[in-house]
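Here the structure comes first, spelled out in structure tokens, and everything after it is commentary.
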Amino acid sequence: MSKQLLVPTAVGSPECDPLTCAPLSGPDAEALAPAFKALGDPVRLRLLSMIAAAGDEMCVCDLTGSFAVSGPTISHHLKVLREAGLVDSERRGTWVYYRARGDALRALATHLAGPAG
């Protein structure tokens, strides 16, 4: 079961965006925190970056060789990303394929974007 990230209903103007116009409410902070926590690990941040850069999807078999950690550790990190709602996965035979959730990445970016200028 993947968690849904908070997506602002209206993107702020260049002078005022969701994070700098007003403090996050408790429920909003609770909705966003799991995704930011998942990205707090360098391996998970790299995994998400690799999956997102792949465009469509990426096989776990293509991810494991890029890290100096074991396959089960990579699987754990991918599970954390999936549970945080940042990636979706699909099992095909022996392998699992991952794709970044663009809506989740946009929601995080929207909340981090500062005023232009």
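Residues in the structure tokens are named by chain (A, B, ... in the order shown) and by number from 1 within that chain; ligands are numbered from 1 in the order shown.
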*Secondary structure check, alpha helix (DSSP H) residues of chain A, as a PyMOL selection string*: chain A and resi 18-21+26-38+42-53+60-63+71-83+102-112
*Give me every strand (DSSP E or B) residue in chain A, going by DSSP on the backbone, as an MDAnalysis selection string.*
chainID A and resid 58:59 87:92 95:100
*For Cys61 (chain A), please output as a ChimeraX atom specification all residues within 9 Å (counting only C-alpha atoms; exclusion window: fewer than 2 positions along the same chain).*
/A:58-59,63-65,95-97
Just C-alpha atoms for this one: save the residues we selected as a tab-separated table (two decimals), in the first residue's frame.
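As written to disk, again_33.tsv reads:
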```tsv
chain	number	residue	atom	x	y	z
A	58	MET	CA	14.34	0.39	-14.34
A	59	CYS	CA	14.97	-3.23	-13.40
A	63	LEU	CA	20.48	-0.99	-9.96
A	64	THR	CA	22.33	-3.40	-7.70
A	65	GLY	CA	25.72	-3.21	-9.42
A	95	TRP	CA	12.84	-9.32	-11.55
A	96	VAL	CA	11.10	-6.26	-10.16
A	97	TYR	CA	10.85	-3.10	-12.25
```
*Mind checking which residues fall within 12 Å of Arg101 (chain A), counting only C-alpha atoms, ignoring those fewer than 6 positions away in the same chain, and posting them as an MDAnalysis selection string?*
chainID A and resid 2:5 35 48:49 51:53 55:57 81:89 107:108
*What does the distance from CA of Phe36 (chain A) to CA of Ser70 (chain A) come to in Å, to one decimal?*
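Computing the Euclidean distance for CA of Phe36 (chain A) and CA of Ser70 (chain A) yields 23.8 Å.
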Proximity check region 12-53 of chain A to region 71-76 of chain A, 12 Å, nearest pairs one decimal Å, only C-alpha atoms, as a Markdown table:
```
| residue | atom | partner | partner_atom | distance |
| --- | --- | --- | --- | --- |
| A:Ala38 | CA | A:His76 | CA | 11.4 |
| A:Asp41 | CA | A:Ile74 | CA | 12.0 |
| A:Pro42 | CA | A:Ile74 | CA | 11.9 |
| A:Val43 | CA | A:Ile74 | CA | 8.2 |
| A:Arg44 | CA | A:Ile74 | CA | 8.5 |
| A:Leu45 | CA | A:Ile74 | CA | 11.9 |
| A:Arg46 | CA | A:Ile74 | CA | 11.0 |
| A:Leu47 | CA | A:Ile74 | CA | 8.6 |
| A:Leu48 | CA | A:Ile74 | CA | 11.6 |
```
*asked:* Rounded to one decimal, what separation in Å do you get between CA of Tyr98 (chain A) and CA of Pro27 (chain A)?
replied: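 Computed distance, CA of Tyr98 (chain A) to CA of Pro27 (chain A), equals 28.5 Å.
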